[in-house]
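*Asks:* One structure follows; several queries about it will come next.
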Amino acid sequence: MLRQNNIAPAPGSKKDRKRVGRGTGSGHGTYSGRGCKGQKARAGNNKVRPGFEGGQLPLIKRLPRKRGFTNIFRVEYSVVNVGSLNEFESGAEVNAELMLAAGLIKSLVKPIKILADGDIDRPLTVKAQKFSASAKAKIEAAGGKAEEGEHAAKGQ
């Protein structure tokens, strides 16, 4: 019968903590697992900042080309080329849902940008968040319309 006094943890799930500095026989005596001398053997060694190399010129300063920053306001677009819009029938209104169904974009989370790679041979009404100037010109030259709209982010 299961009672509170005979419940035990799974074998091997509970380990005793490592007690260092308790004699040579313990296996963690003498230097207590810290090696021999040096800054990291002392008490308070956690005061060393990340990347500090003991006064030596740090790697981050030795390789200046590796420094820089990431722009947190950068907008990542799903890119669709004008040439791939030819799979829609003439006169269709192409929006994000149709592009997703056709496999031109992977998700509806990112806004869509239409670029001018390839040629379009049919009039389409294309709705996207951004168009390159040459992509807009190609769509309009084929008799279609390029409509820019706001991006409503959808969890996908």
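By order of appearance in the structure tokens: chains A, B, ..., then residues from 1 within every chain, and ligands from 1 in the order shown.
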Excluding stretch 124-128 of chain A and any residue of its chain fewer than 2 positions from it, enumerate the residues within 10 Å of it, using only C-alpha atoms, and give them as a PyMOL selection string.

*Replies:* chain A and resi 80+82+85-86+88-96+111-114+120-122+130-131+136+139-140+142-151

*Asks:* Quick one: pull the distance between atom CA of A:Lys14 and atom CA of A:Met1, Å, one decimal.

*Replies:*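 Rounded to one decimal, the two atoms are 23.5 Å apart.
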
*Asks:* Rounded to one decimal place, report the atom CA of A:Val79-atom CA of A:Ile105 distance in Å.

*Replies:* 7.5 Å

*Asks:* So that I can see what lies close to A:Arg42, please list as a count of residues only the residues with an atom at most 12 Å from it, counting only C-alpha atoms and leaving out residues fewer than 5 positions away in the same chain.

*Replies:* 9

*Asks:* What parts of chain A does DSSP call alpha helix (DSSP H)? I'd like the answer as a list in words.

*Replies:*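 So, restricting chain A to alpha helix (DSSP H), we get Leu59, Ile60, Lys61, Arg62, Ala96, Glu97, Leu98, Met99, Leu100, Ala101, Ala102, Ala133, Ser134, Ala135, Lys136, Ala137, Lys138, Ile139, Glu140 and Ala141 of chain A.
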
*Asks:* If DSSP is run on the backbone, what residues of stretch 10-115 of chain A are strand (DSSP E)? A reply as a PyMOL selection string would be ideal.

*Replies:* chain A and resi 78-81+93-94+112-115

*Asks:* Pick from A:Lys106, A:Gly38, A:Phe69, A:Pro123: nearest to A:Gly54, with only C-alpha atoms counted?

*Replies:*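 Closest residue, counting only C-alpha atoms: A:Gly38.
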
*Asks:* When you look at A:Pro50 with a cut-off of 12 Å (counting only C-alpha atoms), what residues show up, excluding the ones that are within fewer than 6 positions of it in the same chain? I need them as a PDB file with all heavy atoms, in the first residue's frame.

*Replies:*
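See part.pdb below for the written result:
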ATOM      1  N   PRO A  58      42.132  41.777 -25.206  1.00  0.00           N
ATOM      2  CA  PRO A  58      41.104  40.754 -25.391  1.00  0.00           C
ATOM      3  C   PRO A  58      40.787  40.474 -26.860  1.00  0.00           C
ATOM      4  O   PRO A  58      40.999  41.329 -27.723  1.00  0.00           O
ATOM      5  CB  PRO A  58      39.879  41.336 -24.695  1.00  0.00           C
ATOM      6  CG  PRO A  58      40.359  42.484 -23.904  1.00  0.00           C
ATOM      7  CD  PRO A  58      41.613  42.952 -24.536  1.00  0.00           C
ATOM      8  N   LEU A  59      40.252  39.301 -27.107  1.00  0.00           N
ATOM      9  CA  LEU A  59      39.925  38.864 -28.459  1.00  0.00           C
ATOM     10  C   LEU A  59      38.997  39.845 -29.165  1.00  0.00           C
ATOM     11  O   LEU A  59      39.177  40.150 -30.335  1.00  0.00           O
ATOM     12  CB  LEU A  59      39.267  37.480 -28.391  1.00  0.00           C
ATOM     13  CG  LEU A  59      38.944  36.831 -29.727  1.00  0.00           C
ATOM     14  CD1 LEU A  59      40.232  36.428 -30.428  1.00  0.00           C
ATOM     15  CD2 LEU A  59      38.065  35.608 -29.535  1.00  0.00           C
ATOM     16  N   ILE A  60      38.037  40.392 -28.428  1.00  0.00           N
ATOM     17  CA  ILE A  60      37.070  41.311 -29.036  1.00  0.00           C
ATOM     18  C   ILE A  60      37.744  42.579 -29.534  1.00  0.00           C
ATOM     19  O   ILE A  60      37.285  43.205 -30.472  1.00  0.00           O
ATOM     20  CB  ILE A  60      35.913  41.615 -28.051  1.00  0.00           C
ATOM     21  CG1 ILE A  60      34.708  42.226 -28.755  1.00  0.00           C
ATOM     22  CG2 ILE A  60      36.358  42.506 -26.923  1.00  0.00           C
ATOM     23  CD1 ILE A  60      33.934  41.278 -29.612  1.00  0.00           C
TER      24      ILE A  60
END

*Asks:* Between atom CA of A:Asn46 and atom CA of A:Gly25, measure the distance and give it in Å to one decimal.

*Replies:*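 A separation of 28.1 Å between them.
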
*Asks:* A:Arg62: which residues within 12 Å, counting only C-alpha atoms, same-chain residues fewer than 6 positions away excluded, as a PyMOL selection string?

*Replies:* chain A and resi 51+53+56
